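Asker: This is the content of upload_11.pdb (PDB, C-alpha atoms):
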ATOM      1  CA  MET A  18       3.278   2.875  -8.513
ATOM      2  CA  LEU A  19       5.815   0.106  -8.358
ATOM      3  CA  VAL A  20       4.910  -3.586  -8.520
ATOM      4  CA  GLY A  21       7.269  -6.269  -7.291
ATOM      5  CA  SER A  22       7.656  -9.706  -5.771
ATOM      6  CA  LEU A  23       9.740 -10.718  -2.797
ATOM      7  CA  GLU A  24      10.952 -13.690  -4.832
ATOM      8  CA  GLN A  25      12.628 -11.322  -7.282
ATOM      9  CA  GLU A  26      13.175  -8.379  -4.982
ATOM     10  CA  GLU A  27      16.951  -7.970  -5.381
ATOM     11  CA  SER A  28      16.709  -7.098  -9.076
ATOM     12  CA  GLN A  29      13.907  -4.635  -8.383
ATOM     13  CA  ARG A  30      15.731  -2.601  -5.753
ATOM     14  CA  CYS A  31      18.003  -0.752  -8.157
ATOM     15  CA  GLY A  32      17.478   2.944  -7.420
ATOM     16  CA  MET A  33      14.959   2.268  -4.625
ATOM     17  CA  HIS A  34      15.126   4.663  -1.671
ATOM     18  CA  PRO A  35      16.808   3.023   1.359
ATOM     19  CA  ALA A  36      13.627   3.453   3.445
ATOM     20  CA  LEU A  37      11.586   1.492   0.911
ATOM     21  CA  SER A  38      14.291  -1.142   0.648
ATOM     22  CA  LYS A  39      14.271  -1.574   4.440
ATOM     23  CA  VAL A  40      10.498  -2.054   4.385
ATOM     24  CA  ILE A  41      10.934  -4.761   1.738
ATOM     25  CA  ASP A  42      13.480  -6.382   4.096
ATOM     26  CA  PHE A  43      10.887  -6.180   6.895
ATOM     27  CA  LEU A  44       8.274  -7.874   4.710
ATOM     28  CA  GLN A  45      10.717 -10.567   3.699
ATOM     29  CA  ASN A  46      11.903 -11.279   7.252
ATOM     30  CA  THR A  47       8.566 -11.173   9.105
ATOM     31  CA  ASP A  48       6.636 -14.370   9.722
ATOM     32  CA  PHE A  49       3.119 -13.021   9.198
ATOM     33  CA  ARG A  50       1.676 -16.419  10.156
ATOM     34  CA  GLN A  51       2.674 -15.526  13.725
ATOM     35  CA  LEU A  52       0.890 -12.150  13.647
ATOM     36  CA  GLU A  53      -2.778 -11.657  14.414
ATOM     37  CA  ASN A  54      -4.723  -9.146  12.354
ATOM     38  CA  GLY A  55      -4.137  -5.601  13.590
ATOM     39  CA  LYS A  56      -1.783  -2.640  13.600
ATOM     40  CA  TYR A  57       1.911  -3.086  14.419
ATOM     41  CA  THR A  58       4.179  -0.115  15.009
ATOM     42  CA  ILE A  59       7.542  -0.179  13.313
ATOM     43  CA  ASP A  60       8.535   3.467  13.964
ATOM     44  CA  SER A  61       5.788   5.380  15.839
ATOM     45  CA  ASP A  62       3.097   6.775  13.549
ATOM     46  CA  ARG A  63       5.689   7.326  10.825
ATOM     47  CA  LEU A  64       6.050   3.680   9.847
ATOM     48  CA  TYR A  65       3.601   0.907  10.692
ATOM     49  CA  VAL A  66       1.863  -2.123   9.222
ATOM     50  CA  ASN A  67      -1.781  -3.185   9.240
ATOM     51  CA  VAL A  68      -2.302  -6.933   8.890
ATOM     52  CA  MET A  69      -5.816  -7.788   7.744
ATOM     53  CA  GLU A  70      -8.159 -10.319   6.252
ATOM     54  CA  LEU A  71     -10.959  -9.221   3.965
ATOM     55  CA  THR A  72     -13.268 -10.404   1.241
ATOM     56  CA  THR A  73     -12.504  -8.942  -2.167
ATOM     57  CA  LYS A  74     -15.189  -6.907  -3.934
ATOM     58  CA  SER A  75     -16.148  -5.974  -7.455
ATOM     59  CA  LYS A  76     -14.924  -2.641  -8.783
ATOM     60  CA  GLU A  77     -18.465  -1.262  -8.569
ATOM     61  CA  ASP A  78     -18.659  -2.083  -4.852
ATOM     62  CA  ALA A  79     -15.291  -0.619  -3.841
ATOM     63  CA  ALA A  80     -14.240   3.008  -3.581
ATOM     64  CA  ALA A  81     -10.830   4.197  -4.707
ATOM     65  CA  GLU A  82      -8.669   6.158  -2.281
ATOM     66  CA  LYS A  83      -5.898   8.726  -2.287
ATOM     67  CA  HIS A  84      -3.463   9.732   0.453
ATOM     68  CA  ARG A  85      -1.317  12.805   1.012
ATOM     69  CA  ARG A  86       0.891  11.863   3.961
ATOM     70  CA  TYR A  87       1.538   8.145   3.586
ATOM     71  CA  ILE A  88       2.990   5.812   0.995
ATOM     72  CA  ASP A  89       1.162   2.474   0.965
ATOM     73  CA  ILE A  90       2.848  -0.846   0.360
ATOM     74  CA  HIS A  91       0.189  -3.531  -0.157
ATOM     75  CA  TYR A  92       1.750  -6.983   0.316
ATOM     76  CA  LEU A  93      -0.424  -9.998  -0.427
ATOM     77  CA  LEU A  94      -0.071 -12.922   1.985
ATOM     78  CA  LYS A  95      -2.919 -15.223   0.890
ATOM     79  CA  GLY A  96      -5.420 -15.367  -1.980
ATOM     80  CA  GLU A  97      -5.655 -13.279  -5.148
ATOM     81  CA  GLU A  98      -6.225  -9.530  -5.235
ATOM     82  CA  ARG A  99      -6.746  -7.006  -7.976
ATOM     83  CA  ILE A 100      -5.787  -3.372  -7.359
ATOM     84  CA  GLY A 101      -6.900  -0.458  -9.508
ATOM     85  CA  TRP A 102      -4.542   2.483 -10.017
ATOM     86  CA  SER A 103      -4.576   5.893 -11.674
ATOM     87  CA  PHE A 104      -2.717   9.166 -11.557
ATOM     88  CA  HIS A 105      -4.677  11.842  -9.725
ATOM     89  CA  ASP A 106      -6.332  14.341 -12.039
ATOM     90  CA  GLU A 107      -7.211  17.672 -10.412
ATOM     91  CA  GLU A 108     -10.583  17.545 -12.176
ATOM     92  CA  MET A 109     -11.539  14.346 -10.326
ATOM     93  CA  ILE A 110     -14.024  15.148  -7.580
ATOM     94  CA  PRO A 111     -13.887  12.916  -4.493
ATOM     95  CA  SER A 112     -17.054  11.174  -3.364
ATOM     96  CA  GLN A 113     -15.800  11.696   0.197
ATOM     97  CA  ALA A 114     -13.719  14.779   0.910
ATOM     98  CA  PHE A 115     -10.162  14.446   2.189
ATOM     99  CA  ASN A 116      -9.984  13.462   5.868
ATOM    100  CA  GLU A 117      -6.760  14.945   7.292
ATOM    101  CA  GLU A 118      -6.767  12.779  10.415
ATOM    102  CA  GLN A 119      -7.238   9.505   8.507
ATOM    103  CA  ASP A 120      -5.197  10.687   5.471
ATOM    104  CA  TYR A 121      -7.568   9.730   2.677
ATOM    105  CA  ALA A 122     -10.181  10.895   0.216
ATOM    106  CA  LEU A 123     -12.491   8.448  -1.559
ATOM    107  CA  TYR A 124     -13.400   8.346  -5.254
ATOM    108  CA  GLN A 125     -16.021   6.409  -7.215
ATOM    109  CA  GLY A 126     -15.335   7.351 -10.839
ATOM    110  CA  VAL A 127     -11.653   7.113 -11.733
ATOM    111  CA  ALA A 128     -10.373   8.149 -15.157
ATOM    112  CA  ASP A 129      -7.807   5.930 -16.909
ATOM    113  CA  GLU A 130      -7.832   3.303 -14.178
ATOM    114  CA  HIS A 131      -5.414   0.433 -14.740
ATOM    115  CA  PHE A 132      -5.357  -2.863 -12.869
ATOM    116  CA  VAL A 133      -2.694  -5.175 -11.494
ATOM    117  CA  ASN A 134      -3.350  -8.706 -10.244
ATOM    118  CA  LEU A 135      -1.444  -9.822  -7.161
ATOM    119  CA  THR A 136      -0.657 -13.313  -5.960
ATOM    120  CA  PRO A 137       0.985 -14.161  -2.604
ATOM    121  CA  GLY A 138       4.454 -12.672  -2.282
ATOM    122  CA  MET A 139       3.727  -9.720  -4.569
ATOM    123  CA  TYR A 140       3.595  -6.106  -3.416
ATOM    124  CA  VAL A 141       2.521  -2.760  -4.817
ATOM    125  CA  ILE A 142       4.063   0.540  -3.703
ATOM    126  CA  LEU A 143       1.587   3.411  -4.059
ATOM    127  CA  TYR A 144       2.730   6.989  -3.593
ATOM    128  CA  PRO A 145       0.683   9.889  -2.224
ATOM    129  CA  ASN A 146      -1.662  11.380  -4.800
ATOM    130  CA  GLU A 147      -1.838   8.117  -6.742
ATOM    131  CA  ILE A 148      -5.432   6.939  -6.642
ATOM    132  CA  HIS A 149      -5.788   3.246  -5.892
ATOM    133  CA  ARG A 150      -8.659   0.816  -5.431
ATOM    134  CA  PRO A 151      -7.431  -2.150  -3.335
ATOM    135  CA  GLY A 152      -9.289  -5.293  -2.376
ATOM    136  CA  LEU A 153     -10.844  -6.083  -5.743
ATOM    137  CA  CYS A 154     -11.725  -9.593  -6.845
ATOM    138  CA  GLN A 155     -10.225 -11.145  -9.958
ATOM    139  CA  GLY A 156     -13.372 -13.229 -10.475
ATOM    140  CA  ALA A 157     -15.787 -14.072  -7.687
ATOM    141  CA  PRO A 158     -15.303 -12.402  -4.283
ATOM    142  CA  ALA A 159     -12.855 -14.378  -2.142
ATOM    143  CA  SER A 160     -11.023 -14.159   1.173
ATOM    144  CA  ILE A 161      -7.524 -12.656   1.183
ATOM    145  CA  ARG A 162      -4.927 -11.813   3.809
ATOM    146  CA  LYS A 163      -2.573  -8.919   3.342
ATOM    147  CA  ALA A 164      -0.225  -6.508   5.070
ATOM    148  CA  VAL A 165      -0.373  -2.804   4.297
ATOM    149  CA  VAL A 166       2.709  -0.863   5.344
ATOM    150  CA  LYS A 167       2.200   2.877   5.828
ATOM    151  CA  ILE A 168       5.297   5.063   5.402
ATOM    152  CA  ASP A 169       5.195   8.758   6.257
ATOM    153  CA  ILE A 170       6.430  10.591   3.157
ATOM    154  CA  GLU A 171       8.701  12.676   5.414
ATOM    155  CA  LEU A 172      10.839   9.584   6.019
ATOM    156  CA  LEU A 173      11.863   9.590   2.383
ATOM    157  CA  LYS A 174      13.302  13.061   2.847
ATOM    158  CA  ILE A 175      15.748  11.757   5.483
ATOM    159  CA  GLN A 176      18.973  10.656   3.815
ATOM    160  CA  GLU A 177      20.411   8.539   6.628
ATOM    161  CA  ALA A 178      18.968   5.151   7.451
ATOM    162  CA  GLY A 179      19.069   5.724  11.235
ATOM    163  CA  PRO A 180      15.287   5.816  11.791
ATOM    164  CA  PHE A 181      14.839   2.591   9.839
ATOM    165  CA  LEU A 182      16.503   0.092  12.094
ATOM    166  CA  LEU A 183      14.038  -2.738  11.631
TER     167      LEU A 183
END
Represent the structure of the file as structure tokens.
Answerer:
Amino acid sequence: MLVGSLEQEESQRCGMHPALSKVIDFLQNTDFRQLENGKYTIDSDRLYVNVMELTTKSKEDAAAEKHRRYIDIHYLLKGEERIGWSFHDEEMIPSQAFNEEQDYALYQGVADEHFVNLTPGMYVILYPNEIHRPGLCQGAPASIRKAVVKIDIELLKIQEAGPFLL
């Protein structure tokens, strides 16, 4: 997991893969106020963004998730969000088995879960096999707006930036 803010993004890019850096550029240069909620393709099914509004939940009311194919970048546009995070432990049993087509498994009990609080302009990069519980409230449930960029892990294996012309 990597936590950052677009306000301080230049200092946080040291050693960041060019694909991730280009996504940060996309986030910084996109006027999300002009986008309706929904899915927007950046590079076929390999790189896309979901823009959404939701009401945050308590930890007890929200399942944690894990992916295999996609890296998630959760970028908060409005409100306050808390995200839980933990390394995957092979002994953790999912409450919903892995769905290959949707690229996720769900978990209820998560060992050694840590939390990060996001405010607008902050992002969290979550890698496959890192369990995360997004959409949590910091106090009472509240409305938030966010963008979740999905990056196919295969794109990070490509060394040239050709496919990432945003």
Asker: Of the residues A:Phe115, A:Thr73, A:Ala81, A:Ile110, which is the one nearest to Glu147 (chain A), using only C-alpha atoms?
Answerer: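 Closest residue, counting only C-alpha atoms: A:Ala81.
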Asker: For the structure provided, state which residues fall under the PyMOL selection byres ((chain A and resi 37) around 10), and present them as a JSON list (two decimals) with C-alpha atoms, in the coordinates of the input.
Answerer:
[["chain", "number", "residue", "atom", "x", "y", "z"],
["A", 30, "ARG", "CA", 15.73, -2.60, -5.75],
["A", 33, "MET", "CA", 14.96, 2.27, -4.62],
["A", 34, "HIS", "CA", 15.13, 4.66, -1.67],
["A", 35, "PRO", "CA", 16.81, 3.02, 1.36],
["A", 36, "ALA", "CA", 13.63, 3.45, 3.44],
["A", 38, "SER", "CA", 14.29, -1.14, 0.65],
["A", 39, "LYS", "CA", 14.27, -1.57, 4.44],
["A", 40, "VAL", "CA", 10.50, -2.05, 4.38],
["A", 41, "ILE", "CA", 10.93, -4.76, 1.74],
["A", 42, "ASP", "CA", 13.48, -6.38, 4.10],
["A", 43, "PHE", "CA", 10.89, -6.18, 6.90],
["A", 88, "ILE", "CA", 2.99, 5.81, 1.00],
["A", 90, "ILE", "CA", 2.85, -0.85, 0.36],
["A", 142, "ILE", "CA", 4.06, 0.54, -3.70],
["A", 168, "ILE", "CA", 5.30, 5.06, 5.40],
["A", 172, "LEU", "CA", 10.84, 9.58, 6.02],
["A", 173, "LEU", "CA", 11.86, 9.59, 2.38],
["A", 181, "PHE", "CA", 14.84, 2.59, 9.84]]
Asker: Using only C-alpha atoms, what residues lie at most 12 Å away from (-0.2, -14.0, 11.7) (file coordinates), given as a list in words?
Answerer: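 The residues near that point, listed by chain and number, are Thr47, Asp48, Phe49, Arg50, Gln51, Leu52, Glu53, Asn54, Gly55, Lys56, Tyr57, Asn67, Val68, Met69, Glu70, Leu94, Lys95, Arg162, Lys163 and Ala164 of chain A.
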Asker: Rank A:Val133, A:Val127, A:Met109, A:Leu93 by their smallest atom-to-atom distance to Leu71 (chain A), using only C-alpha atoms, and report the top residue only.
Answerer: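 That would be A:Leu93, the residue with the smallest distance to Leu71 (chain A).
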Asker: Go through A:Cys154, A:Leu23, A:Leu123, A:Val165 and flag the residue nearest Thr72 (chain A), using all atoms listed in the file for the distances.
Answerer: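 Among the listed residues, the smallest separation from Thr72 (chain A) belongs to A:Cys154.
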